$ cat my_file_20.pdb   # PDB, C-alpha atoms
ATOM      1  CA  MET A1262      -7.580 -21.533 -17.849
ATOM      2  CA  ARG A1263      -9.658 -19.662 -15.273
ATOM      3  CA  ARG A1264     -11.224 -16.451 -16.381
ATOM      4  CA  VAL A1265     -11.006 -13.632 -13.857
ATOM      5  CA  ARG A1266     -13.630 -10.930 -13.854
ATOM      6  CA  ARG A1267     -12.024  -7.528 -13.339
ATOM      7  CA  VAL A1268     -13.629  -4.663 -11.545
ATOM      8  CA  LYS A1269     -13.922  -1.679 -13.854
ATOM      9  CA  LEU A1270     -13.398   1.035 -11.270
ATOM     10  CA  ALA A1271     -13.416   0.693  -7.531
ATOM     11  CA  ALA A1272     -15.421   3.267  -5.656
ATOM     12  CA  PRO A1273     -13.399   5.225  -3.102
ATOM     13  CA  LEU A1274     -13.974   4.400   0.512
ATOM     14  CA  LEU A1275     -15.807   7.314   2.066
ATOM     15  CA  VAL A1276     -16.055   7.529   5.812
ATOM     16  CA  ASN A1277     -18.584   9.829   7.374
ATOM     17  CA  VAL A1278     -17.725  10.612  10.947
ATOM     18  CA  ASP A1279     -20.942  10.701  12.917
ATOM     19  CA  GLU A1280     -21.104  12.651  16.157
ATOM     20  CA  LYS A1281     -21.969   9.427  17.960
ATOM     21  CA  VAL A1282     -18.788   7.683  16.787
ATOM     22  CA  ASP A1283     -16.434   6.672  19.561
ATOM     23  CA  GLU A1284     -13.724   9.284  20.145
ATOM     24  CA  ASP A1285     -10.962   6.682  19.679
ATOM     25  CA  LEU A1286     -12.212   5.857  16.197
ATOM     26  CA  ALA A1287     -12.633   9.487  15.197
ATOM     27  CA  GLY A1288      -9.066  10.228  16.322
ATOM     28  CA  SER A1289      -7.649   7.418  14.170
ATOM     29  CA  LEU A1290      -8.791   8.806  10.806
ATOM     30  CA  ARG A1291      -5.998  10.001   8.520
ATOM     31  CA  ASN A1292      -6.024  13.047   6.312
ATOM     32  CA  ARG A1293      -4.713  13.162   2.745
ATOM     33  CA  THR A1294      -1.355  14.660   3.756
ATOM     34  CA  GLU A1295      -0.665  11.862   6.231
ATOM     35  CA  VAL A1296      -1.494   9.237   3.610
ATOM     36  CA  GLN A1297       0.785  10.960   1.065
ATOM     37  CA  LEU A1298       3.631  10.946   3.613
ATOM     38  CA  MET A1299       3.025   7.247   4.281
ATOM     39  CA  LEU A1300       3.122   6.599   0.534
ATOM     40  CA  GLU A1301       6.450   8.413   0.158
ATOM     41  CA  ASP A1302       7.882   6.458   3.100
ATOM     42  CA  ALA A1303       6.603   3.146   1.701
ATOM     43  CA  ILE A1304       8.138   3.886  -1.725
ATOM     44  CA  ALA A1305      11.485   4.748  -0.120
ATOM     45  CA  ARG A1306      11.455   1.573   1.991
ATOM     46  CA  ARG A1307      10.408  -0.575  -1.009
ATOM     47  CA  ASP A1308      13.252   0.840  -3.100
ATOM     48  CA  GLN A1309      15.696   0.387  -0.232
ATOM     49  CA  TRP A1310      14.830  -3.319   0.095
ATOM     50  CA  TYR A1311      15.131  -3.767  -3.672
ATOM     51  CA  ARG A1312      18.575  -2.129  -3.731
ATOM     52  CA  HIS A1313      19.654  -4.261  -0.757
ATOM     53  CA  TRP A1314      18.553  -7.405  -2.611
ATOM     54  CA  ASP A1315      20.038  -6.310  -5.959
ATOM     55  CA  LYS A1316      23.414  -4.956  -4.826
ATOM     56  CA  ASN A1317      24.460  -7.434  -2.110
ATOM     57  CA  LYS A1318      25.433 -11.080  -2.004
ATOM     58  CA  LEU A1319      22.826 -12.504   0.377
ATOM     59  CA  SER A1320      22.376 -15.796   2.138
ATOM     60  CA  GLN A1321      19.188 -17.690   1.345
ATOM     61  CA  LYS A1322      17.553 -16.449   4.550
ATOM     62  CA  GLU A1323      18.506 -12.815   3.834
ATOM     63  CA  ASN A1324      17.320 -13.182   0.231
ATOM     64  CA  VAL A1325      13.925 -14.471   1.386
ATOM     65  CA  GLU A1326      13.586 -11.604   3.882
ATOM     66  CA  ALA A1327      14.516  -8.932   1.331
ATOM     67  CA  LEU A1328      12.142 -10.236  -1.343
ATOM     68  CA  ARG A1329       9.305 -10.759   1.162
ATOM     69  CA  ASN A1330       9.614  -7.193   2.441
ATOM     70  CA  TYR A1331       9.941  -5.761  -1.076
ATOM     71  CA  THR A1332       6.841  -7.643  -2.228
ATOM     72  CA  ALA A1333       4.820  -6.602   0.822
ATOM     73  CA  LEU A1334       5.771  -2.960   0.328
ATOM     74  CA  ARG A1335       4.695  -3.148  -3.321
ATOM     75  CA  GLY A1336       1.230  -4.015  -2.011
ATOM     76  CA  VAL A1337       1.338  -1.195   0.521
ATOM     77  CA  VAL A1338       2.310   1.312  -2.175
ATOM     78  CA  LYS A1339      -0.462   0.143  -4.493
ATOM     79  CA  THR A1340      -3.057   0.298  -1.714
ATOM     80  CA  LEU A1341      -2.038   3.795  -0.630
ATOM     81  CA  GLN A1342      -2.136   4.950  -4.249
ATOM     82  CA  TRP A1343      -5.660   3.501  -4.526
ATOM     83  CA  VAL A1344      -6.712   5.333  -1.360
ATOM     84  CA  LEU A1345      -5.423   8.567  -2.906
ATOM     85  CA  LEU A1346      -7.459   7.814  -6.073
ATOM     86  CA  HIS A1347      -4.428   7.406  -8.358
ATOM     87  CA  PRO A1348      -5.797   7.071 -11.920
ATOM     88  CA  ASP A1349      -3.659   4.013 -12.814
ATOM     89  CA  ILE A1350      -4.891   1.903  -9.886
ATOM     90  CA  GLU A1351      -8.266   0.317 -10.590
ATOM     91  CA  HIS A1352      -8.331  -2.019  -7.607
ATOM     92  CA  PRO A1353      -5.656  -2.680  -4.986
ATOM     93  CA  LEU A1354      -6.008  -6.483  -5.201
ATOM     94  CA  ASP A1355      -5.441  -6.749  -8.965
TER
END
$ encode --input "my_file_20.pdb" --output "structure tokens"
Amino acid sequence: MRRVRRVKLAAPLLVNVDEKVDEDLAGSLRNRTEVQLMLEDAIARRDQWYRHWDKNKLSQKENVEALRNYTALRGVVKTLQWVLLHPDIEHPLD
């Protein structure tokens, strides 16, 4: 059995916007409110895909699509929670 070394606590990603930074890059930074709104939207979409998978009789192709989207959105939710420094999320890849 492989032993996996876990990171104790990931440091938050801090971005300092320098005056010399390209204007396009500086305009693409998100504030905390925008990230919180994205998190709420991702949670709603994740739950919607789960309900679609759970409550409907799906073909194999539809089942694969629903589970793929649900799983991807679980990762999105965890990553956004990590960005917002949620205490239960040590590292978004674990």
$ atom_distance --input "my_file_20.pdb" --atom1 "atom CA of Asn1330 of chain A" --atom2 "atom CA of Glu1301 of chain A"
16.1 Å
$ closest_residue --input "my_file_20.pdb" --among "A:Arg1329, A:Arg1335, A:His1352, A:His1347" --to "Ala1305 of chain A" --atoms "only C-alpha atoms"
A:Arg1335
$ residues_around --input "my_file_20.pdb" --residues "Glu1295 of chain A" --least-positions-apart "5" --cutoff "12 Å" --atoms "all atoms listed in the file" --output "VMD selection string"
chain A and resid 1289 to 1290 1300 to 1302 1341 1344 to 1345
$ atom_distance --input "my_file_20.pdb" --atom1 "atom CA of Ala1327 of chain A" --atom2 "atom CA of Arg1306 of chain A"
11.0 Å
$ resolve_selection --input "my_file_20.pdb" --expression "the PyMOL selection byres ((chain A and resi 1354) around 12)" --output "NGL selection string"
:A and (1267-1268 or 1271 or 1335-1341 or 1343 or 1350-1353 or 1355)
$ atom_distance --input "my_file_20.pdb" --atom1 "atom CA of Gln1342 of chain A" --atom2 "atom CA of Asn1292 of chain A"
13.9 Å
$ build_atoms --input "my_file_20.pdb" --residues "segment 1289-1317 of chain A" --atoms "N, CA and C atoms" --output "compact mmCIF listing (two decimals), keeping the file's coordinate frame"
# COMPACT_ATOMS: atom_id res chain seq x y z
N SER A 1289 -8.55 8.26 14.95
CA SER A 1289 -7.65 7.42 14.17
C SER A 1289 -7.76 7.65 12.66
N LEU A 1290 -8.66 8.52 12.23
CA LEU A 1290 -8.79 8.81 10.81
C LEU A 1290 -7.59 9.61 10.33
N ARG A 1291 -7.16 9.33 9.10
CA ARG A 1291 -6.00 10.00 8.52
C ARG A 1291 -6.44 11.00 7.46
N ASN A 1292 -5.72 12.10 7.38
CA ASN A 1292 -6.02 13.05 6.31
C ASN A 1292 -5.14 12.74 5.10
N ARG A 1293 -5.41 13.43 4.01
CA ARG A 1293 -4.71 13.16 2.74
C ARG A 1293 -3.20 13.38 2.87
N THR A 1294 -2.79 14.37 3.59
CA THR A 1294 -1.36 14.66 3.76
C THR A 1294 -0.64 13.51 4.47
N GLU A 1295 -1.27 12.99 5.51
CA GLU A 1295 -0.66 11.86 6.23
C GLU A 1295 -0.53 10.64 5.33
N VAL A 1296 -1.54 10.38 4.51
CA VAL A 1296 -1.49 9.24 3.61
C VAL A 1296 -0.41 9.45 2.55
N GLN A 1297 -0.27 10.66 2.04
CA GLN A 1297 0.78 10.96 1.06
C GLN A 1297 2.17 10.76 1.68
N LEU A 1298 2.35 11.16 2.94
CA LEU A 1298 3.63 10.95 3.61
C LEU A 1298 3.91 9.46 3.80
N MET A 1299 2.86 8.70 4.15
CA MET A 1299 3.02 7.25 4.28
C MET A 1299 3.41 6.63 2.95
N LEU A 1300 2.80 7.11 1.87
CA LEU A 1300 3.12 6.60 0.53
C LEU A 1300 4.58 6.87 0.19
N GLU A 1301 5.04 8.08 0.44
CA GLU A 1301 6.45 8.41 0.16
C GLU A 1301 7.39 7.53 0.97
N ASP A 1302 7.06 7.31 2.24
CA ASP A 1302 7.88 6.46 3.10
C ASP A 1302 7.87 5.01 2.60
N ALA A 1303 6.71 4.52 2.20
CA ALA A 1303 6.60 3.15 1.70
C ALA A 1303 7.40 2.97 0.41
N ILE A 1304 7.37 3.95 -0.48
CA ILE A 1304 8.14 3.89 -1.72
C ILE A 1304 9.63 3.86 -1.41
N ALA A 1305 10.06 4.71 -0.49
CA ALA A 1305 11.48 4.75 -0.12
C ALA A 1305 11.92 3.41 0.49
N ARG A 1306 11.11 2.86 1.37
CA ARG A 1306 11.46 1.57 1.99
C ARG A 1306 11.46 0.44 0.97
N ARG A 1307 10.46 0.45 0.05
CA ARG A 1307 10.41 -0.57 -1.01
C ARG A 1307 11.68 -0.52 -1.86
N ASP A 1308 12.06 0.68 -2.27
CA ASP A 1308 13.25 0.84 -3.10
C ASP A 1308 14.52 0.46 -2.35
N GLN A 1309 14.54 0.75 -1.06
CA GLN A 1309 15.70 0.39 -0.23
C GLN A 1309 15.85 -1.13 -0.15
N TRP A 1310 14.77 -1.85 0.05
CA TRP A 1310 14.83 -3.32 0.10
C TRP A 1310 15.26 -3.89 -1.26
N TYR A 1311 14.74 -3.29 -2.34
CA TYR A 1311 15.13 -3.77 -3.67
C TYR A 1311 16.63 -3.57 -3.91
N ARG A 1312 17.14 -2.39 -3.57
CA ARG A 1312 18.58 -2.13 -3.73
C ARG A 1312 19.40 -3.08 -2.87
N HIS A 1313 18.95 -3.33 -1.65
CA HIS A 1313 19.65 -4.26 -0.76
C HIS A 1313 19.72 -5.65 -1.39
N TRP A 1314 18.60 -6.10 -1.97
CA TRP A 1314 18.55 -7.40 -2.61
C TRP A 1314 19.42 -7.44 -3.87
N ASP A 1315 19.37 -6.36 -4.66
CA ASP A 1315 20.04 -6.31 -5.96
C ASP A 1315 21.55 -6.12 -5.85
N LYS A 1316 22.01 -5.35 -4.87
CA LYS A 1316 23.41 -4.96 -4.83
C LYS A 1316 24.29 -5.82 -3.91
N ASN A 1317 23.68 -6.67 -3.08
CA ASN A 1317 24.46 -7.43 -2.11
C ASN A 1317 24.38 -8.93 -2.37
